[in-house]
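S.K.: Structure: entry32.cif, mmCIF, C-alpha atoms and all ligand atoms.
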```
data_query
loop_
_atom_site.label_atom_id
_atom_site.label_comp_id
_atom_site.auth_asym_id
_atom_site.auth_seq_id
_atom_site.Cartn_x
_atom_site.Cartn_y
_atom_site.Cartn_z
CA MET A 1 109.68 95.74 83.73
CA THR A 2 112.29 98.31 82.85
CA CYS A 3 115.15 96.20 81.59
CA CYS A 4 115.93 93.83 78.80
CA THR A 5 118.98 92.45 77.01
CA GLY A 6 120.72 92.23 73.61
CA SER A 7 119.19 93.69 70.46
CA GLY A 8 115.92 94.47 72.27
CA PHE A 9 117.89 96.79 74.52
CA LEU A 10 119.43 98.60 71.51
CA GLU A 11 116.01 99.02 69.89
CA ILE A 12 114.64 100.61 73.06
CA MET A 13 117.70 102.83 73.31
CA TYR A 14 117.23 104.13 69.72
CA LYS A 15 113.52 104.68 70.28
CA GLU A 16 114.17 106.58 73.52
CA ARG A 17 116.81 108.74 71.81
CA ILE A 18 114.43 109.60 69.00
CA LEU A 19 111.82 110.52 71.57
CA LYS A 20 114.35 112.69 73.40
CA LEU A 21 115.35 114.51 70.19
CA LEU A 22 111.73 115.06 69.18
CA ARG A 23 110.88 116.38 72.63
CA ALA A 24 113.87 118.70 72.59
CA SER A 25 112.83 120.16 69.23
CA GLY A 26 109.40 121.05 70.65
CA THR A 27 107.07 122.41 67.96
CA ASP A 28 109.83 122.42 65.29
CA TYR A 29 109.97 119.54 62.81
CA LEU A 30 112.92 117.15 62.72
CA SER A 31 113.44 115.45 59.36
CA GLY A 32 113.92 111.71 58.99
CA ALA A 33 117.32 112.44 57.41
CA GLN A 34 118.41 114.60 60.40
CA LEU A 35 117.31 111.95 62.88
CA ALA A 36 118.98 109.18 60.87
CA SER A 37 122.32 110.96 60.61
CA THR A 38 122.34 112.07 64.30
CA MET A 39 121.64 108.52 65.38
CA GLY A 40 123.76 106.72 62.78
CA ILE A 41 120.84 104.57 61.59
CA SER A 42 118.81 104.38 58.38
CA ARG A 43 115.68 106.46 57.67
CA THR A 44 113.70 103.23 57.51
CA MET A 45 114.82 102.44 61.07
CA VAL A 46 113.81 105.94 62.17
CA TRP A 47 110.37 105.40 60.65
CA LYS A 48 110.11 102.02 62.45
CA HIS A 49 110.84 103.66 65.82
CA ILE A 50 108.36 106.48 65.10
CA LYS A 51 105.68 103.82 64.50
CA ALA A 52 106.64 102.12 67.80
CA LEU A 53 106.24 105.46 69.63
CA GLU A 54 102.82 105.91 68.01
CA ARG A 55 101.81 102.45 69.24
CA GLU A 56 102.77 103.61 72.77
CA GLY A 57 100.26 106.44 72.40
CA PHE A 58 102.40 109.37 71.20
CA GLY A 59 100.69 111.49 68.55
CA ILE A 60 103.42 112.25 65.99
CA GLU A 61 102.76 114.46 63.02
CA ALA A 62 104.69 113.53 59.86
CA VAL A 63 104.83 116.17 57.13
CA PRO A 64 106.58 115.35 53.82
CA SER A 65 109.79 117.36 53.27
CA ARG A 66 109.60 118.84 56.81
CA GLY A 67 109.78 115.84 59.13
CA TYR A 68 108.30 114.74 62.43
CA ARG A 69 107.11 116.48 65.58
CA ILE A 70 105.23 115.38 68.68
CA ILE A 71 101.71 116.74 68.98
CA THR A 72 100.34 114.70 71.91
CA VAL A 73 101.93 112.61 74.67
CA PRO A 74 100.15 109.68 76.34
CA ASP A 75 99.31 109.82 80.05
CA LEU A 76 101.49 106.80 80.72
CA PHE A 77 104.43 106.35 83.05
CA ARG A 78 107.86 105.91 81.49
CA ALA A 79 110.72 104.78 83.71
CA ASP A 80 113.17 107.20 82.03
CA ASP A 81 110.88 110.16 82.64
CA ILE A 82 110.45 109.19 86.29
CA ARG A 83 114.22 108.94 86.80
CA ARG A 84 114.90 112.28 85.10
CA GLY A 85 115.71 114.79 87.85
CA LEU A 86 114.44 112.43 90.55
CA GLY A 87 117.49 112.99 92.74
CA THR A 88 116.77 110.26 95.31
CA ARG A 89 119.35 107.75 96.55
CA ILE A 90 117.04 105.14 98.03
CA PHE A 91 113.51 105.35 96.61
CA GLY A 92 113.43 104.37 92.94
CA ARG A 93 116.97 102.97 92.70
CA GLU A 94 115.23 100.08 90.93
CA ILE A 95 111.92 100.74 89.17
CA HIS A 96 109.65 97.92 87.98
CA LEU A 97 106.99 99.47 85.79
CA LEU A 98 104.08 97.36 84.55
CA PRO A 99 101.01 98.16 82.45
CA GLU A 100 98.96 95.93 84.76
CA VAL A 101 99.60 93.69 87.77
CA ALA A 102 97.47 91.89 90.34
CA SER A 103 98.86 94.01 93.18
CA THR A 104 102.05 96.09 93.31
CA ASN A 105 102.31 95.18 97.02
CA THR A 106 102.22 91.44 96.30
CA LEU A 107 104.88 91.76 93.60
CA ALA A 108 107.05 94.01 95.80
CA MET A 109 106.81 91.49 98.67
CA GLU A 110 107.92 88.72 96.27
CA LEU A 111 110.82 90.80 94.94
CA ALA A 112 111.84 91.71 98.51
CA ALA A 113 111.82 88.04 99.54
CA ARG A 114 114.15 87.37 96.58
CA GLY A 115 116.57 90.06 97.80
CA ALA A 116 115.45 93.26 96.01
CA PRO A 117 117.41 96.18 97.44
CA GLU A 118 115.92 98.79 99.73
CA GLY A 119 114.18 101.48 97.69
CA THR A 120 113.00 99.12 94.94
CA VAL A 121 109.77 100.50 93.55
CA VAL A 122 106.95 98.61 91.82
CA LEU A 123 104.61 100.82 89.83
CA ALA A 124 101.59 99.86 87.72
CA GLU A 125 99.14 101.67 85.47
CA ALA A 126 96.33 99.41 86.78
CA GLN A 127 95.82 96.59 89.29
CA THR A 128 93.50 93.64 88.86
CA ALA A 129 93.52 92.59 92.54
CA GLY A 130 94.57 95.75 94.41
CA LYS A 131 94.55 95.26 98.18
CA GLY A 132 93.18 97.68 100.75
CA ARG A 133 93.42 97.74 104.54
CA LEU A 134 91.50 95.27 106.69
CA GLY A 135 91.23 92.73 103.84
CA ARG A 136 89.33 95.05 101.52
CA LYS A 137 89.80 95.47 97.75
CA TRP A 138 91.37 98.57 96.23
CA ILE A 139 89.69 99.27 92.91
CA SER A 140 92.50 100.25 90.56
CA PRO A 141 91.55 101.56 87.10
CA ARG A 142 93.98 103.44 84.83
CA GLY A 143 94.81 107.11 85.46
CA ASN A 144 95.97 106.88 89.07
CA ILE A 145 99.12 105.99 91.01
CA TYR A 146 99.63 102.46 92.36
CA VAL A 147 103.10 102.18 93.84
CA SER A 148 104.87 99.99 96.38
CA ALA A 149 108.35 100.49 97.82
CA VAL A 150 110.59 97.96 99.54
CA LEU A 151 112.29 99.07 102.75
CA ARG A 152 114.72 97.33 105.08
CA PRO A 153 114.72 99.62 108.12
CA PRO A 154 117.08 98.71 110.98
CA VAL A 155 114.31 98.87 113.58
CA PRO A 156 112.26 96.29 115.54
CA ALA A 157 108.91 95.10 114.13
CA TYR A 158 106.80 96.98 116.69
CA LYS A 159 107.89 100.21 115.00
CA ALA A 160 106.29 99.26 111.67
CA PRO A 161 103.09 101.29 112.32
CA LEU A 162 105.28 104.39 112.64
CA LEU A 163 106.59 103.75 109.13
CA THR A 164 103.01 103.76 107.89
CA LEU A 165 102.46 107.12 109.56
CA MET A 166 105.72 108.28 107.98
CA ALA A 167 104.43 107.25 104.55
CA ALA A 168 101.15 109.08 105.20
CA VAL A 169 103.06 112.27 106.05
CA ALA A 170 105.20 111.88 102.91
CA THR A 171 102.14 111.27 100.72
CA ALA A 172 100.16 114.21 102.12
CA ALA A 173 103.20 116.48 101.65
CA ALA A 174 103.69 115.30 98.05
CA ILE A 175 100.03 115.83 97.19
CA ARG A 176 100.14 119.33 98.66
CA GLY A 177 103.36 120.09 96.79
CA ALA A 178 102.44 118.70 93.39
CA GLY A 179 98.89 119.86 92.85
CA GLY A 180 98.24 122.21 95.73
CA ALA A 181 95.33 120.13 97.09
CA PRO A 182 95.01 120.67 100.87
CA ALA A 183 95.56 117.03 101.90
CA LEU A 184 94.91 115.97 105.50
CA ILE A 185 95.48 112.63 107.25
CA LYS A 186 92.70 110.67 108.93
CA TRP A 187 94.13 108.18 111.43
CA PRO A 188 95.97 106.05 110.73
CA ASN A 189 96.83 106.78 107.11
CA ASP A 190 93.90 107.77 104.91
CA ILE A 191 94.61 110.93 102.96
CA LEU A 192 91.58 113.17 102.56
CA VAL A 193 90.92 116.26 100.49
CA ALA A 194 87.80 118.25 101.32
CA GLY A 195 86.65 115.42 103.61
CA ARG A 196 86.87 112.69 100.94
CA LYS A 197 89.48 110.00 100.52
CA VAL A 198 92.05 110.55 97.81
CA SER A 199 94.75 108.12 98.88
CA GLY A 200 95.21 105.00 100.99
CA LEU A 201 98.24 103.16 102.31
CA LEU A 202 98.82 99.49 102.98
CA THR A 203 101.94 98.28 104.76
CA GLU A 204 103.00 94.64 104.61
CA MET A 205 105.94 93.17 106.43
CA SER A 206 108.16 90.14 106.86
CA ALA A 207 109.78 90.19 110.29
CA GLU A 208 111.36 88.29 113.13
CA ALA A 209 110.70 89.25 116.76
CA ASP A 210 113.51 91.76 116.97
CA ARG A 211 114.05 92.87 113.38
CA ILE A 212 112.20 93.68 110.19
CA ARG A 213 113.40 91.59 107.22
CA HIS A 214 111.59 93.82 104.78
CA ILE A 215 108.57 96.03 104.70
CA VAL A 216 106.52 97.13 101.69
CA LEU A 217 104.80 100.50 101.72
CA GLY A 218 101.92 100.42 99.23
CA ILE A 219 100.38 103.72 98.22
CA GLY A 220 97.35 104.29 96.01
CA ILE A 221 96.49 107.85 94.94
CA ASP A 222 93.36 108.67 92.96
CA VAL A 223 94.67 111.16 90.45
CA ASN A 224 93.04 111.45 87.01
CA MET A 225 90.68 108.46 86.87
CA ASP A 226 87.08 108.79 85.84
CA PRO A 227 85.16 108.55 89.17
CA ASP A 228 82.27 106.89 87.31
CA LEU A 229 84.40 103.74 87.21
CA LEU A 230 83.85 103.33 90.95
CA PRO A 231 80.82 101.70 92.57
CA ASP A 232 78.33 104.28 93.95
CA GLU A 233 79.07 103.60 97.62
CA ILE A 234 82.81 104.13 97.12
CA ARG A 235 82.40 107.11 94.78
CA ALA A 236 80.41 108.92 97.48
CA ILE A 237 83.36 108.93 99.89
CA THR A 238 86.17 109.24 97.36
CA THR A 239 87.63 112.05 95.30
CA THR A 240 90.43 112.51 92.76
CA LEU A 241 93.14 115.14 92.63
CA ALA A 242 91.99 116.17 89.15
CA GLY A 243 88.44 116.58 90.47
CA GLU A 244 89.62 118.68 93.41
CA THR A 245 91.98 120.95 91.51
CA GLY A 246 89.92 121.19 88.33
CA GLN A 247 92.77 120.10 86.08
CA ALA A 248 94.51 116.91 84.93
CA ILE A 249 97.54 116.20 87.10
CA ASP A 250 100.99 115.30 85.73
CA ARG A 251 101.26 111.85 87.33
CA THR A 252 104.98 111.54 86.65
CA GLU A 253 105.70 114.78 88.47
CA LEU A 254 103.46 113.74 91.37
CA LEU A 255 105.19 110.36 91.57
CA ARG A 256 108.63 112.02 91.57
CA GLN A 257 107.50 114.32 94.40
CA LEU A 258 106.16 111.30 96.27
CA LEU A 259 109.44 109.38 95.98
CA ARG A 260 111.43 112.45 97.08
CA SER A 261 109.06 113.06 99.95
CA LEU A 262 109.28 109.40 101.06
CA GLU A 263 113.06 109.62 100.95
CA HIS A 264 113.06 112.78 103.06
CA TRP A 265 110.63 111.48 105.68
CA TYR A 266 112.24 108.03 105.81
CA ARG A 267 115.56 109.67 106.69
CA VAL A 268 113.81 111.81 109.31
CA PHE A 269 112.19 108.65 110.73
CA LEU A 270 115.57 106.88 111.02
CA ASP A 271 117.05 109.95 112.68
CA ASP A 272 114.27 110.93 115.09
CA GLU A 273 110.83 109.32 114.81
CA ARG A 274 109.28 111.94 117.12
CA ARG A 275 109.59 114.46 114.27
CA VAL A 276 107.44 112.19 112.09
CA LEU A 277 104.77 112.03 114.79
CA LYS A 278 104.87 115.81 115.13
CA GLU A 279 104.41 116.29 111.38
CA TRP A 280 101.66 113.67 111.32
CA GLU A 281 99.85 115.69 114.01
CA SER A 282 100.18 118.88 112.00
CA PHE A 283 98.55 117.19 108.97
CA ASN A 284 95.89 115.24 110.88
CA CYS A 285 92.15 115.86 110.82
CA THR A 286 91.24 113.30 113.50
CA LEU A 287 92.53 114.59 116.83
CA GLY A 288 90.18 116.79 118.79
CA LYS A 289 87.14 115.29 117.03
CA ARG A 290 84.46 112.95 118.25
CA VAL A 291 85.05 109.66 116.42
CA ALA A 292 83.72 106.13 116.08
CA VAL A 293 86.32 103.40 115.57
CA SER A 294 85.27 100.10 114.04
CA GLY A 295 87.27 97.06 113.07
CA GLN A 296 87.92 96.17 116.71
CA ARG A 297 85.98 93.58 118.69
CA GLU A 298 83.70 96.42 119.76
CA LEU A 299 82.69 99.76 118.29
CA LEU A 300 84.34 102.54 120.25
CA GLU A 301 83.01 106.08 120.38
CA GLY A 302 84.63 109.06 122.05
CA LEU A 303 87.08 111.92 121.73
CA ALA A 304 90.20 111.27 119.62
CA GLU A 305 92.63 112.62 122.16
CA GLY A 306 96.05 111.90 120.69
CA ILE A 307 98.48 109.32 119.32
CA ASP A 308 101.03 107.56 121.47
CA ARG A 309 104.74 107.01 120.73
CA GLU A 310 103.90 103.94 118.67
CA GLY A 311 101.34 105.76 116.55
CA ARG A 312 98.26 104.21 118.23
CA LEU A 313 95.13 106.30 118.61
CA VAL A 314 94.09 107.27 122.13
CA ILE A 315 90.32 107.68 122.56
CA ARG A 316 88.62 109.14 125.64
CA LEU A 317 85.32 107.31 126.06
CA ASP A 318 82.26 109.07 127.50
CA ASN A 319 82.79 107.28 130.84
CA GLY A 320 86.20 108.95 131.11
CA GLU A 321 88.19 105.81 130.32
CA ALA A 322 91.11 106.15 127.85
CA ARG A 323 91.42 103.37 125.24
CA THR A 324 94.30 102.80 122.84
CA VAL A 325 93.68 101.35 119.36
CA ALA A 326 96.34 99.98 117.04
CA ALA A 327 94.16 99.39 113.95
CA GLY A 328 90.66 100.19 112.78
CA ASP A 329 88.48 102.45 110.73
CA VAL A 330 87.75 105.92 112.01
CA THR A 331 84.58 107.83 111.26
CA ILE A 332 84.71 111.46 112.25
CA LEU A 333 81.39 112.25 113.92
CA LYS A 334 81.72 115.95 114.69
CA LYS A 335 84.06 118.59 116.02
CA ILE A 336 84.07 118.97 119.81
C1 LIG B 1 93.41 101.41 102.08
O1 LIG B 1 93.16 102.60 102.29
O2 LIG B 1 92.58 100.53 102.30
C2 LIG B 1 94.77 101.03 101.57
C3 LIG B 1 94.85 101.04 100.07
C4 LIG B 1 96.22 100.74 99.53
C5 LIG B 1 96.23 100.63 98.01
C6 LIG B 1 97.62 100.52 97.46
S1 LIG B 1 97.64 100.70 95.70
C7 LIG B 1 99.30 100.20 95.66
C8 LIG B 1 99.45 99.08 96.65
N1 LIG B 1 99.09 97.81 96.05
C9 LIG B 1 98.02 97.27 96.61
O3 LIG B 1 97.51 96.18 96.28
N2 LIG B 1 97.55 98.06 97.58
C10 LIG B 1 98.37 99.24 97.74
#
```
In structure tokens, what does this structure look like?

M.R.:
Amino acid sequence: MTCCTGSGFLEIMYKERILKLLRASGTDYLSGAQLASTMGISRTMVWKHIKALEREGFGIEAVPSRGYRIITVPDLFRADDIRRGLGTRIFGREIHLLPEVASTNTLAMELAARGAPEGTVVLAEAQTAGKGRLGRKWISPRGNIYVSAVLRPPVPAYKAPLLTLMAAVATAAAIRGAGGAPALIKWPNDILVAGRKVSGLLTEMSAEADRIRHIVLGIGIDVNMDPDLLPDEIRAITTTLAGETGQAIDRTELLRQLLRSLEHWYRVFLDDERRVLKEWESFNCTLGKRVAVSGQRELLEGLAEGIDREGRLVIRLDNGEARTVAAGDVTILKKI
């Protein structure tokens, strides 16, 4: 979590300030005496905080009579870094950051039920029981993004699927913006790069007939993980942003872009949901293709013709009949 009280809070504050000063000095050394006098603490306390930063994974070089400087930074999220320059009003107004959790969605649903404000974000470095769509598992090793956001949209429950499409648009846009990978959306909300899945979304909701109490948008993005950590059958259909772009991705920057993008598209959704559908269509790689849809009572095969106003997929079967599907797994068979 990102908060604490009393002396623990002061300790974190001093450590964060030392980190800030060291970062600002770049490749120049900062002496223990300089740090101590700027901060108004003893050199022993400075040394203690330097050791704490090293335990968090920072590589800090200490040279006698010159001082300290950072030589390597860990690929770990820090709530302060995420907030810096974020510029959102809703998404990330509360950030719960954990090294590991069963599922960010489950925790976000619990926090929402206890009154967490709209825009509360739960973020984890790893999940031990990550949840995928249709009751599947989401394997969640370190190096990726696992994030869930609480929303309280003033719309009826039947519009929830549109929020999932909104989140897919926001995620695809953020991926394109942050690393330049040409992300496309496979209905309803799988994000693909070069035909392989790089991100998945899971929406969970608590609702009454005519209103949503809260909704949790859960987003997993495969960023820098080692693909060898995945079972063969999943690795074959999955990719990572690092693998696609050929370089390690700054996860904090990508997360910031994602939160900004969600904020933008959530506002668009509240204003005019047709614009979300239009953007979804421009990012989609499903429409106009011959597809098979499973997860229904029957396997449907036909032309993916369009999506309706509620975000459902319209398929034209070979006998000319049009069928509408609200949920399922799409396999793209070939281009028509
Ligand atoms: C899918 O494509 O099947 C959906 C995957 C959703 C995974 C994300 S990771 C963050 C959030 N927490 C979860 O347990 N699941 C979602």

S.K.: Can I get the residues close to ligand LIG 1 (chain B) as a PyMOL selection string, where close means within 9 Å and we count all atoms listed in the file?

M.R.: chain A and resi 102-108+122-124+127-140+145-148+189-191+197+199-203+216-221

S.K.: List the neighbours of A:Glu305 out to 12 Å using all atoms listed in the file; skip same-chain residues closer than 5 positions along the sequence, and give me the result as number ranges by chain.

M.R.: A: 187, 281, 285-291, 312-317, 320-325, 336

S.K.: Please determine, counting all atoms listed in the file, which residue among A:Arg89, A:Arg142, A:Lys48, A:Arg69 has the shortest atom-to-atom distance to A:Pro227.

M.R.: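 For A:Pro227, the nearest of the candidates is A:Arg142.
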
S.K.: Given all atoms listed in the file as the basis, pick out the residue of A:His214, A:Arg267, A:Lys20, A:Lys278 nearest to A:Glu110.

M.R.: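 Of A:His214, A:Arg267, A:Lys20, A:Lys278, the one nearest A:Glu110, counting all atoms listed in the file, is A:His214.
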
S.K.: Between A:Thr245, A:Ser37, A:Ser42, A:Thr27, which has the minimum distance to A:Thr72 (counting all atoms listed in the file)?

M.R.: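 Using all atoms listed in the file, A:Thr72 sits closest to A:Thr27.
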
S.K.: To one decimal in Å, tell me the separation between atom CA of A:Ile50 and atom CA of A:Asp28.

M.R.: 16.0 Å

S.K.: Counting all atoms listed in the file, what is within 6 Å of stretch 93-95 of chain A, bar same-chain residues fewer than 4 positions away, as a list in words?

M.R.: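 Here the answer would be Gly119, Thr120 and Val121 of chain A.
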
S.K.: Just want the 10 Å neighbourhood of stretch 77-87 of chain A, counted on only C-alpha atoms, with same-chain residues fewer than 5 positions away dropped. Output as a PDB file with C-alpha atoms, in the frame of the given file.

M.R.:
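Wrote selection.pdb, looks like this:
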```pdb
ATOM      1  CA  MET A   1     109.680  95.740  83.730  1.00  0.00           C
ATOM      2  CA  THR A   2     112.290  98.310  82.850  1.00  0.00           C
ATOM      3  CA  CYS A   3     115.150  96.200  81.590  1.00  0.00           C
ATOM      4  CA  GLU A  16     114.170 106.580  73.520  1.00  0.00           C
ATOM      5  CA  GLY A  92     113.430 104.370  92.940  1.00  0.00           C
ATOM      6  CA  ARG A  93     116.970 102.970  92.700  1.00  0.00           C
ATOM      7  CA  GLU A  94     115.230 100.080  90.930  1.00  0.00           C
ATOM      8  CA  ILE A  95     111.920 100.740  89.170  1.00  0.00           C
ATOM      9  CA  HIS A  96     109.650  97.920  87.980  1.00  0.00           C
ATOM     10  CA  LEU A  97     106.990  99.470  85.790  1.00  0.00           C
ATOM     11  CA  LEU A  98     104.080  97.360  84.550  1.00  0.00           C
ATOM     12  CA  PRO A  99     101.010  98.160  82.450  1.00  0.00           C
ATOM     13  CA  LEU A 123     104.610 100.820  89.830  1.00  0.00           C
ATOM     14  CA  ALA A 124     101.590  99.860  87.720  1.00  0.00           C
ATOM     15  CA  GLU A 125      99.140 101.670  85.470  1.00  0.00           C
ATOM     16  CA  GLY A 143      94.810 107.110  85.460  1.00  0.00           C
ATOM     17  CA  ILE A 145      99.120 105.990  91.010  1.00  0.00           C
ATOM     18  CA  ASP A 250     100.990 115.300  85.730  1.00  0.00           C
ATOM     19  CA  ARG A 251     101.260 111.850  87.330  1.00  0.00           C
ATOM     20  CA  THR A 252     104.980 111.540  86.650  1.00  0.00           C
ATOM     21  CA  GLU A 253     105.700 114.780  88.470  1.00  0.00           C
ATOM     22  CA  LEU A 254     103.460 113.740  91.370  1.00  0.00           C
ATOM     23  CA  LEU A 255     105.190 110.360  91.570  1.00  0.00           C
ATOM     24  CA  ARG A 256     108.630 112.020  91.570  1.00  0.00           C
ATOM     25  CA  GLN A 257     107.500 114.320  94.400  1.00  0.00           C
ATOM     26  CA  LEU A 259     109.440 109.380  95.980  1.00  0.00           C
ATOM     27  CA  ARG A 260     111.430 112.450  97.080  1.00  0.00           C
ATOM     28  CA  GLU A 263     113.060 109.620 100.950  1.00  0.00           C
TER      29      GLU A 263
END
```

S.K.: Have a look at atom CA of A:Arg43 and atom CA of A:Asp75 and let me know their distance in Å, one decimal.

M.R.: 27.9 Å

S.K.: Between atom CA of A:Ala327 and atom CA of A:Gly311, measure the distance and give it in Å to one decimal.

M.R.: 9.9 Å

S.K.: Skipping near chain neighbours, those fewer than 5 positions away, what residues fall within 7 Å of stretch 155-165 of chain A using all atoms listed in the file, listed as an mmCIF file with C-alpha atoms, in the coordinates of the input?

M.R.:
```
data_model
loop_
_atom_site.group_PDB
_atom_site.id
_atom_site.type_symbol
_atom_site.label_atom_id
_atom_site.label_comp_id
_atom_site.auth_asym_id
_atom_site.auth_seq_id
_atom_site.Cartn_x
_atom_site.Cartn_y
_atom_site.Cartn_z
ATOM 1 C CA PRO A 188 95.970 106.050 110.730
ATOM 2 C CA ASN A 189 96.830 106.780 107.110
ATOM 3 C CA THR A 203 101.940 98.280 104.760
ATOM 4 C CA ALA A 207 109.780 90.190 110.290
ATOM 5 C CA ALA A 209 110.700 89.250 116.760
ATOM 6 C CA ASP A 210 113.510 91.760 116.970
ATOM 7 C CA ARG A 211 114.050 92.870 113.380
ATOM 8 C CA ILE A 212 112.200 93.680 110.190
ATOM 9 C CA TRP A 280 101.660 113.670 111.320
ATOM 10 C CA GLU A 310 103.900 103.940 118.670
ATOM 11 C CA GLY A 311 101.340 105.760 116.550
#
```
